[in-house]
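Working notes for the structure below.
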Amino acid sequence: MTHKQKLMLLGGVALFAAVCQWGFGQPLWAQIINTVAGSIIALSMLIEMVKKLRTGDYGVDLLAVTAIVATLAVSEYWAAMVILLMLIGGDTLEDYANAKAHSELKTLLDNSPQIGHVRLNGKLVDVSVEKIMVDQEVVVRPGELVPVDGRVTEGESSVNESSLTGESKPLDKGPGDQLLSGSINGDTTLTMKVERTAQDSQYQQLVELIKQADQTPANFVRLADRYALPFTIVAYVIAGLAWWVAKDPVRFAQVLVVASPCPLILAAPVAFVSGMSRSSHAGIVVKTGAVIEKLATAKTAAFDKTGTLTHGNLTVSRVVPVTGGKEDQLLQLVASAEQTSGHVLAQSIVTKAQQQGLTLSEPTAMNEVTAKGIIATVNGHEVKVGKKAFVTDDPQVKLVPTTAVYVAVDGNYFGRIELADQVRPEAAQTLQRLVKAGIQHFMMVTGDQQVIADRIAKEVGIKQVYGDLLPKDKVDHLNDLAPAERPSIMVGDGVNDAPVLKVADVGIAMGAHGSTAASESADVVILTDNLGKIADAVEIAEDTLKIAKQAVWIGIAVCTGLMLICSTGWIPTIIGALLQEVVDTVCILWGLRAKQG
């Protein structure tokens with residue numbers, strides 16, 4: 001039974017009791033009805049409370065049970081009914097607030113792609129997204145959702161990826177550009193080649209992440225329980241003193257009525273769910289509300305290198321011909337020889353030559369030697385490209401401390417081409433923002449060479465650098481952090497990052513182009529290829545936690561003030577119970593501020 005249904009049922013019971021008392025003049029019937037209803041609900045709450053007490057969880061539910069029992073004991077049965085209505089009404093209001101705060105998340109589920117126009121035997125056939133296969137051609141018409149991930153083969157258009165990345169500016173797409181499922185095509189028809197099935201596509205992965213977040217909105221929702229024990233003691237002391245001074249047990253009930261924990265229970269969950277919704281709108285999926293506090297209080301941030309602090313794509317950084325040689329000639333020769341190779345380094349070299357407008361020659365022969373390099377014939381010359389040991393045994397040719405391919409022509413050393421992974425332009429600024437947000441320690445943990453890791457770390461401003469690591473080594477470094485260096489954040493994007501993302505207090509995956517394994521292991525997934533979103537996530541979490549604590553303290557302050565007032569006997573018991581709804585409303589509205597920032 002939902003909270004709304006419980007509220008309607010209890011409301012019906014209260015209405016029937018009211019008719020009995022004021023319609024038929026039978027106050028005893030009304031008292032019996034209210035007492036039975038109150039006793040049943042108080043008993044069920046007491047059973048749950050005992051279970052929590054056994055685990056050492058001293059929650060604020062104790063006050064609610066005491067308030068109901070106290071009002072029934074002094075025959076204030078209508079006040080008891082009001083408390084019950086307020087408690088269940090508060091739960092119903094929390095459900096509504098959660099649904100309101102989750103509206104951004106649910107939009108994604110409502111707009112899931114359903115069909116695609118697949119080109120089969122020269123005709124367009126509408127096929128459900130689950131049946132679209134890799135390498136098929138799909139036509140995306142103006143205004144339609146892209147059904148699966150793929151690359152444009154024909155047409156040029158602007159595409160809106162805001163539902164995936166939070167980036168509102170449409171992106172221009174043409175042949176060779178990537179299309180993500182769930183994005184919206186602009187004014188021109190695009191033809192795409194499918195690269196991933198619906199199950200593996202970006203949108204469906206996002207839908208699964210959203211479902212996880214929706215099913216577990218916040219493990220850390222009872223922020224008020226941290227203050228439960230002292231707050232409960234204060235309430236009992238005030239109520240006991242009021243009873244002792246007035247010599248009237250009704251005064252005890254009057255104080256505990258306004259000590260009802262509704263506003264405290266509501267404050268944190270509304271704020272956390274609102275913060276999760278705000279993060280989602282910014283292209284950041286936070287899977288649980290518990291992550292919010294850890295992000296907001298993090299002391300250490302660890303980063304993988306490739307694909308995280310860097311773009312993850314090696315590009316030509318330097319062309320070094322032999323003395324007297326020309327850079328363009330060396331680049332042109334190597335790119336010509338590498339044209340038919342599928343190696344990632346070969347593709348980067350060919351791309352660089354094309355960008356410089358160099359004319360490439362077709363090799364008349366090409367033999368690829370696994371893990372060593374290639375031997376090709378270009379314009380009648382034998383060209384060897386690859387590792388130094390494969391290309392030349394000349395002792396005067398030295399290995400360089402970076403990724404490089406060495407070149408020999410007709411048996412003579414001709415030079416080398418160096419390649420480097422480019423640092424993200426926003427990396428240094430992101431770290432500066434994290435420092436302002438309270439992160440005190442930074443470290444890089446990478447499987448890449450120590451020399452390369454040191455160079456990248458120096459460029460972005462990280463002093464603690466660990467290179468040449470296996471996945472297990474990364475886990476060990478995170479586990480070895482001192483208590484003062486926690487909570488910890490780990491940012492990565494590859495399959496090898498999945499274990500360390502799990503052991504970190506908060507694992508963050510760069511999910512735009514990262515692996516599914518990393519996204520599934522992470523607590524937070526960044527949907528756009530922008531490292532600055534890490535700082536956004538921490539800043540949103542800090543703001544959310546601040547608002548959650550404010551809402552809790554507002555509830556505590558108002559309740560304490562009402563307890564002191566009610567201890568004088570100026571406010572009737574039933575009016576005190578009604579005042580709880582005002583406190584509930586204030587706490588909920590304050591918590592919802594986390595959605596706007």
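Each chain of the structure tokens is named A, B, ... in the order shown, its residues numbered from 1; ligands are numbered from 1 in display order.
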Do a neighbour search on Ala365 (chain A) at 9 Å with only C-alpha atoms, toss out local chain neighbours closer than 2 positions, and write the hits as a VMD selection string. chain A and resid 337 362 to 363 367 375 to 378
Using only C-alpha atoms, which protein or nucleic acid residues come within 12 Å of Pro483 (chain A)? Drop anything in the same chain fewer than 6 positions from it, and give the result as number ranges by chain. A: 298-300, 505
Based on DSSP run over this structure's backbone, return all residues of region 345-462 of chain A in helix (DSSP H, G or I), as a PyMOL selection string. chain A and resi 345-355+388-391+427-436+450-460
Excluding Ile574 (chain A) and any residue of its chain fewer than 6 positions from it, enumerate the residues within 10 Å of it, using only C-alpha atoms, and give them as JSON, numbers by chain. {"A": [71, 76, 77, 78, 79, 80, 81, 82, 83, 254, 257, 258]}
Taking only C-alpha atoms into account, which of A:Asp543, A:Glu195, A:Asp304, A:Asp394 comes nearest Arg593 (chain A)?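 Answer, going by the shortest atom-to-atom distance: A:Asp543.
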Exercise: region 311-318 of chain A partners within 8 Å, only C-alpha atoms, chain neighbours under 2 positions left out, as a VMD selection string: chain A and resid 306 to 309 320 345 348 to 349 352 417 to 424
For Ala246 (chain A), please output as a CSV table (one decimal) with N, CA, C and O atoms, in the first residue's frame all residues within 9 Å (counting only C-alpha atoms; exclusion window: fewer than 5 positions along the same chain).
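Produced file out35.csv, reproduced below:
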```csv
chain,number,residue,atom,x,y,z
A,241,LEU,N,10.2,18.4,32.3
A,241,LEU,CA,10.2,19.6,33.1
A,241,LEU,C,8.8,20.3,33.1
A,241,LEU,O,8.3,20.8,34.1
A,251,ARG,N,0.7,18.4,29.7
A,251,ARG,CA,1.7,19.3,29.3
A,251,ARG,C,2.9,18.5,28.6
A,251,ARG,O,3.5,18.9,27.7
A,567,SER,N,5.5,24.2,26.2
A,567,SER,CA,5.8,23.8,27.6
A,567,SER,C,5.1,24.7,28.5
A,567,SER,O,4.9,24.4,29.7
A,568,THR,N,4.7,25.9,28.0
A,568,THR,CA,3.9,26.9,28.9
A,568,THR,C,2.4,26.6,28.9
A,568,THR,O,1.7,27.2,29.7
A,569,GLY,N,2.0,25.7,28.0
A,569,GLY,CA,0.6,25.4,27.9
A,569,GLY,C,-0.3,26.4,27.1
A,569,GLY,O,-1.5,26.3,27.1
```
Contacts of Ile33 (chain A) at 9 Å or less, counting only C-alpha atoms, minus same-chain residues fewer than 3 places along, as a PDB file with C-alpha atoms, in the first residue's frame?
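As a result, part_3.pdb now contains:
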```pdb
ATOM      1  CA  VAL A  13     -11.213   6.661   9.429  1.00  0.00           C
ATOM      2  CA  ALA A  14     -10.803  10.192  10.823  1.00  0.00           C
ATOM      3  CA  PHE A  16     -15.949   8.489  10.215  1.00  0.00           C
ATOM      4  CA  ALA A  17     -14.800   9.289  13.781  1.00  0.00           C
ATOM      5  CA  LEU A  28     -16.953   7.559  22.975  1.00  0.00           C
ATOM      6  CA  TRP A  29     -17.197   5.919  19.523  1.00  0.00           C
ATOM      7  CA  ALA A  30     -14.856   8.562  18.116  1.00  0.00           C
ATOM      8  CA  VAL A  36      -7.616   1.766  17.888  1.00  0.00           C
ATOM      9  CA  ALA A  37      -6.222   3.372  14.713  1.00  0.00           C
ATOM     10  CA  GLY A  38      -3.510   5.172  16.671  1.00  0.00           C
TER      11      GLY A  38
END
```
Record the distance separating CA of Thr310 (chain A) and CA of Val524 (chain A), expressed in Å with one decimal. 19.3 Å
